[in-house]
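Chemist: The structure is given below, and queries will be raised subsequently.
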Amino acid sequence: MKKFVLLILIALFISGCQAIQDLTDNIRKPSLSVTDVRVTDFAFDEIELTYDVEIDNPNLVAVQMVSYDYDFKINNNDFLQGSQDKQLRIESSGTSTFQIPMRLNFQELYSLFNSLRGQDEADYQLLANLDFNLPVLGETTLPLEKSGSVPMIKLPKINVSSLKVNDVNFSRADLVLNLEVDNPNGFGLLVNALSYNLDVNGRNWVDGSNSKNISISENQTSRIAIPISLNITEIGSSVIQLLNNSSDLNYELNGNFDFGATHPLLDNMRADFSFDQTGEVPLIR
């Protein structure tokens, strides 16, 4: 009887070992892929790139991701490094997607790599390691890599070029304020809206907005003409003498542009750009 029990135990042990071996042989590492790269935040001082990472679990049991680290390179130079805890369960024979965001501050980027100031684009390389707890295999690290290019964004420049007098009478004055907008970027800018406030010789002349769409080509300067109509009764008759006799006027102009961009990564993105200009503007009659 004892021999019979012993034989059963030995058979069960061998069967269990074989089951563990079969499970070990059948556990496979998940596969990784970057399915999308997009800009999720756009400003002229920084952008956020977001990478959609898909994890495919080929096993008949669920697996668990626990963390990841990353090294983000610009033109083969280390720029951003870090690590994140990330608890993500991938069901058996299933897929899951999570996001890796990379925020690029251009002031920091240009400070570290001054040569980038003259470039329209730079190459990037995202190197990441994803950590998993896998059945039987235990702690397992899988590499991920994605390369591409990113625009080097630069601040637009605003210049007040002239104030043109179209008509002046005792009730109103019609003028045109000419702005020059310099786009130093390697992609076009779209002016979706413009709001502004103009003070001349210490007095407020106009608060207004312009929603006319204007395109500014890459590395080009465009002129924006802002029509201004002054009510002489409200602003004072002294403005008539000022417009008739002066050659230059002291001004302060501040406001905000709502810009779009033509770069594929920035498609449908919008960014605010505030400006504040003071000085003398030539008066053209």
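Scheme for the structure tokens: letters A, B, ... for chains in order shown; per-chain residue numbers from 1; ligand numbers from 1 in order shown.
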Would you list the contacts of A:Ser195 as a ChimeraX atom specification, taking every protein, DNA or RNA residue within 8 Å and counting only C-alpha atoms, but skipping same-chain residues closer than 4 positions in sequence?

Modeler: /A:207-210,255-257

Chemist: Please save N, CA and C atoms of the selected residues as a tab-separated table (two decimals), in the first residue's frame.

Modeler:
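Final file, result-v5.tsv:
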```tsv
chain	number	residue	atom	x	y	z
A	207	ASP	N	-10.01	100.07	-28.43
A	207	ASP	CA	-9.94	98.65	-28.06
A	207	ASP	C	-10.71	97.90	-29.13
A	208	GLY	N	-10.14	96.88	-29.66
A	208	GLY	CA	-10.85	96.20	-30.75
A	208	GLY	C	-10.38	94.78	-30.96
A	209	SER	N	-10.96	94.16	-31.96
A	209	SER	CA	-10.59	92.80	-32.34
A	209	SER	C	-10.78	92.63	-33.84
A	210	ASN	N	-10.07	91.64	-34.37
A	210	ASN	CA	-10.13	91.34	-35.80
A	210	ASN	C	-10.13	89.82	-35.95
A	255	GLY	N	-1.87	93.44	-26.95
A	255	GLY	CA	-2.97	92.60	-27.39
A	255	GLY	C	-2.58	91.15	-27.43
A	256	ASN	N	-3.33	90.38	-28.20
A	256	ASN	CA	-3.15	88.94	-28.24
A	256	ASN	C	-3.52	88.38	-29.61
A	257	PHE	N	-2.64	87.52	-30.13
A	257	PHE	CA	-2.92	86.78	-31.35
A	257	PHE	C	-3.38	85.37	-30.99
```

Chemist: Give me the residues near A:Lys86 as a ChimeraX atom specification, where near means some atom within 10 Å (using only C-alpha atoms) and where sequence neighbours in that chain fewer than 5 positions away do not count.

Modeler: /A:64-68,98,130-132

Chemist: Write a file of the just-selected residues containing C-alpha atoms, as an mmCIF file, in the first residue's frame.

Modeler:
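Result file follows (again26.cif):
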```cif
data_model
loop_
_atom_site.group_PDB
_atom_site.id
_atom_site.type_symbol
_atom_site.label_atom_id
_atom_site.label_comp_id
_atom_site.auth_asym_id
_atom_site.auth_seq_id
_atom_site.Cartn_x
_atom_site.Cartn_y
_atom_site.Cartn_z
ATOM 1 C CA GLN A 64 0.948 43.322 -15.448
ATOM 2 C CA MET A 65 3.004 46.365 -16.404
ATOM 3 C CA VAL A 66 4.476 48.145 -13.356
ATOM 4 C CA SER A 67 6.700 51.032 -14.565
ATOM 5 C CA TYR A 68 8.747 52.530 -17.375
ATOM 6 C CA PHE A 98 -1.171 54.002 -22.642
ATOM 7 C CA LEU A 130 8.833 48.984 -19.906
ATOM 8 C CA ASP A 131 8.865 46.796 -16.810
ATOM 9 C CA PHE A 132 6.461 43.838 -16.431
#
```

Chemist: Pick from A:Asn114, A:Ser211, A:Asn201, A:Ser92: nearest to A:Ile226, with only C-alpha atoms counted?

Modeler: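 Ranking A:Asn114, A:Ser211, A:Asn201, A:Ser92 by distance to A:Ile226, first place goes to A:Ser211.
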
Chemist: I'd like the neighbourhood of A:Gln241 as a ChimeraX atom specification, where a residue qualifies if any of its atoms comes within 12 Å (using only C-alpha atoms), though same-chain residues fewer than 2 positions away should be ignored.

Modeler: /A:168-170,173,232,236-239,243-247

Chemist: I need the chosen residues saved as a compact mmCIF listing (two decimals), in the first residue's frame, with C-alpha atoms.

Modeler:
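As written to disk, again20.txt reads:
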```
# COMPACT_ATOMS: atom_id res chain seq x y z
CA VAL A 168 -10.29 113.49 -40.85
CA ASN A 169 -13.29 115.76 -40.26
CA PHE A 170 -14.98 117.44 -37.32
CA ALA A 173 -11.10 110.28 -38.09
CA ILE A 232 -13.89 113.08 -32.33
CA GLY A 236 -11.61 115.26 -28.12
CA SER A 237 -11.05 117.76 -30.92
CA SER A 238 -7.33 118.05 -30.12
CA VAL A 239 -6.83 114.81 -32.03
CA LEU A 243 -3.30 114.18 -36.91
CA ASN A 244 -2.89 117.25 -39.13
CA ASN A 245 0.39 118.52 -37.72
CA SER A 246 2.39 115.64 -36.27
CA SER A 247 4.87 113.44 -38.10
```

Chemist: Excluding A:Lys164 and any residue of its chain fewer than 4 positions from it, enumerate the residues within 9 Å of it, using only C-alpha atoms, and give them as a ChimeraX atom specification.

Modeler: /A:174-178,282-285

Chemist: Between A:Asn231, A:Asn250, A:Ser33, A:Thr262, which one has atoms that come closest to A:Ser215, using only C-alpha atoms?

Modeler: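 Smallest distance to A:Ser215 is found for A:Thr262.
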
Chemist: Calculated over only C-alpha atoms, which of the candidates A:Asn57, A:Ser96, A:Asn204, A:Asn166 has the smallest distance to A:Pro227?

Modeler: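 Checking each candidate against A:Pro227, we get A:Asn166 as the closest.
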
Chemist: Would you mind telling me which residue in A:Pro30, A:Gly188, A:Gly279, A:Gly82 lies nearest to A:Pro156 when using only C-alpha atoms?

Modeler: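 Checking each of A:Pro30, A:Gly188, A:Gly279, A:Gly82 against A:Pro156, counting only C-alpha atoms, the winner is A:Gly188.
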
Chemist: Run DSSP on the backbone and tell me which residues of stretch 174-280 of chain A come out as strand (DSSP E); list them as a PyMOL selection string.

Modeler: chain A and resi 174-183+189-200+203-210+214-216+220-231+248-261+270-280

Chemist: List every residue of stretch 78-158 of chain A that DSSP, applied to the backbone of this structure, assigns to helix (DSSP H, G or I), and report them as a PyMOL selection string.

Modeler: chain A and resi 106-112+114-118

Chemist: How far is it from atom CA of A:Gln277 to atom CA of A:Val160, in Å with one decimal?

Modeler: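 One can read the atom CA of A:Gln277 to atom CA of A:Val160 distance as 7.8 Å.
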
Chemist: Near A:Ser161, within 7 Å and counting only C-alpha atoms, which residues show up once chain neighbours fewer than 5 positions away are dropped, as number ranges by chain?

Modeler: A: 178-180, 281

Chemist: May I have the residues within 10 Å of A:Asn59 as a list in words, using only C-alpha atoms and disregarding those fewer than 5 positions away in the same chain?

Modeler: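 Once the adjacent positions are removed, what remains is Asn26, Ile27, Arg28, Lys29, Pro30, Ile90, Glu91, Ser92, Ser93, Gly94, Leu134 and Pro135 of chain A.
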
Chemist: Excluding stretch 99-113 of chain A and any residue of its chain fewer than 3 positions from it, enumerate the residues within 9 Å of it, using only C-alpha atoms, and give them as a PDB file with N, CA and C atoms, in the first residue's frame.

Modeler:
```
ATOM      1  N   THR A  40      -0.151  67.394 -28.099  1.00  0.00           N
ATOM      2  CA  THR A  40      -1.344  67.555 -27.268  1.00  0.00           C
ATOM      3  C   THR A  40      -1.373  68.908 -26.554  1.00  0.00           C
ATOM      4  N   ASP A  41      -0.311  69.686 -26.664  1.00  0.00           N
ATOM      5  CA  ASP A  41      -0.305  71.054 -26.123  1.00  0.00           C
ATOM      6  C   ASP A  41       0.707  71.859 -26.918  1.00  0.00           C
ATOM      7  N   PHE A  44       4.215  78.843 -27.913  1.00  0.00           N
ATOM      8  CA  PHE A  44       5.448  79.246 -28.585  1.00  0.00           C
ATOM      9  C   PHE A  44       6.680  79.053 -27.713  1.00  0.00           C
ATOM     10  N   ASP A  45       6.481  78.720 -26.441  1.00  0.00           N
ATOM     11  CA  ASP A  45       7.634  78.449 -25.587  1.00  0.00           C
ATOM     12  C   ASP A  45       7.819  76.958 -25.322  1.00  0.00           C
ATOM     13  N   GLU A  46       6.765  76.146 -25.517  1.00  0.00           N
ATOM     14  CA  GLU A  46       6.906  74.723 -25.317  1.00  0.00           C
ATOM     15  C   GLU A  46       5.768  73.958 -25.982  1.00  0.00           C
ATOM     16  N   ILE A  47       6.024  72.688 -26.248  1.00  0.00           N
ATOM     17  CA  ILE A  47       4.990  71.808 -26.764  1.00  0.00           C
ATOM     18  C   ILE A  47       5.041  70.498 -25.981  1.00  0.00           C
ATOM     19  N   GLU A  48       3.941  69.762 -26.044  1.00  0.00           N
ATOM     20  CA  GLU A  48       3.894  68.439 -25.447  1.00  0.00           C
ATOM     21  C   GLU A  48       3.645  67.410 -26.543  1.00  0.00           C
ATOM     22  N   LEU A  49       4.581  66.487 -26.707  1.00  0.00           N
ATOM     23  CA  LEU A  49       4.432  65.355 -27.614  1.00  0.00           C
ATOM     24  C   LEU A  49       3.890  64.176 -26.821  1.00  0.00           C
ATOM     25  N   THR A  50       2.865  63.519 -27.344  1.00  0.00           N
ATOM     26  CA  THR A  50       2.296  62.361 -26.667  1.00  0.00           C
ATOM     27  C   THR A  50       2.412  61.137 -27.578  1.00  0.00           C
ATOM     28  N   TYR A  51       2.960  60.061 -27.022  1.00  0.00           N
ATOM     29  CA  TYR A  51       3.161  58.802 -27.749  1.00  0.00           C
ATOM     30  C   TYR A  51       2.148  57.774 -27.243  1.00  0.00           C
ATOM     31  N   ASP A  52       1.358  57.237 -28.164  1.00  0.00           N
ATOM     32  CA  ASP A  52       0.448  56.141 -27.834  1.00  0.00           C
ATOM     33  C   ASP A  52       1.205  54.823 -27.984  1.00  0.00           C
ATOM     34  N   VAL A  53       1.357  54.112 -26.873  1.00  0.00           N
ATOM     35  CA  VAL A  53       2.092  52.854 -26.862  1.00  0.00           C
ATOM     36  C   VAL A  53       1.099  51.706 -26.699  1.00  0.00           C
ATOM     37  N   GLU A  54       1.092  50.793 -27.651  1.00  0.00           N
ATOM     38  CA  GLU A  54       0.201  49.633 -27.601  1.00  0.00           C
ATOM     39  C   GLU A  54       0.976  48.410 -27.128  1.00  0.00           C
ATOM     40  N   PHE A  72      14.847  60.749 -23.842  1.00  0.00           N
ATOM     41  CA  PHE A  72      14.401  61.464 -25.048  1.00  0.00           C
ATOM     42  C   PHE A  72      15.575  62.274 -25.571  1.00  0.00           C
ATOM     43  N   ILE A  74      17.493  64.657 -28.610  1.00  0.00           N
ATOM     44  CA  ILE A  74      17.343  65.613 -29.709  1.00  0.00           C
ATOM     45  C   ILE A  74      18.668  65.671 -30.462  1.00  0.00           C
ATOM     46  N   ASN A  77      21.457  64.036 -28.834  1.00  0.00           N
ATOM     47  CA  ASN A  77      21.854  64.570 -27.532  1.00  0.00           C
ATOM     48  C   ASN A  77      20.776  64.253 -26.495  1.00  0.00           C
ATOM     49  N   PHE A  79      18.240  64.816 -23.749  1.00  0.00           N
ATOM     50  CA  PHE A  79      17.509  66.022 -23.362  1.00  0.00           C
ATOM     51  C   PHE A  79      16.591  65.777 -22.164  1.00  0.00           C
ATOM     52  N   LEU A  80      15.774  64.735 -22.216  1.00  0.00           N
ATOM     53  CA  LEU A  80      14.863  64.429 -21.118  1.00  0.00           C
ATOM     54  C   LEU A  80      15.050  62.981 -20.685  1.00  0.00           C
ATOM     55  N   LEU A 116      20.566  74.804 -32.334  1.00  0.00           N
ATOM     56  CA  LEU A 116      19.195  74.511 -32.750  1.00  0.00           C
ATOM     57  C   LEU A 116      18.408  75.766 -33.101  1.00  0.00           C
ATOM     58  N   ARG A 117      18.870  76.939 -32.651  1.00  0.00           N
ATOM     59  CA  ARG A 117      18.150  78.187 -32.924  1.00  0.00           C
ATOM     60  C   ARG A 117      18.011  78.446 -34.425  1.00  0.00           C
ATOM     61  N   MET A 152      11.287  73.103 -34.571  1.00  0.00           N
ATOM     62  CA  MET A 152      11.920  74.014 -33.614  1.00  0.00           C
ATOM     63  C   MET A 152      11.142  75.332 -33.643  1.00  0.00           C
ATOM     64  N   ILE A 153      10.334  75.571 -32.621  1.00  0.00           N
ATOM     65  CA  ILE A 153       9.401  76.699 -32.627  1.00  0.00           C
ATOM     66  C   ILE A 153      10.082  77.951 -32.087  1.00  0.00           C
ATOM     67  N   LYS A 154       9.856  79.063 -32.789  1.00  0.00           N
ATOM     68  CA  LYS A 154      10.437  80.344 -32.407  1.00  0.00           C
ATOM     69  C   LYS A 154       9.336  81.392 -32.283  1.00  0.00           C
TER      70      LYS A 154
END
```
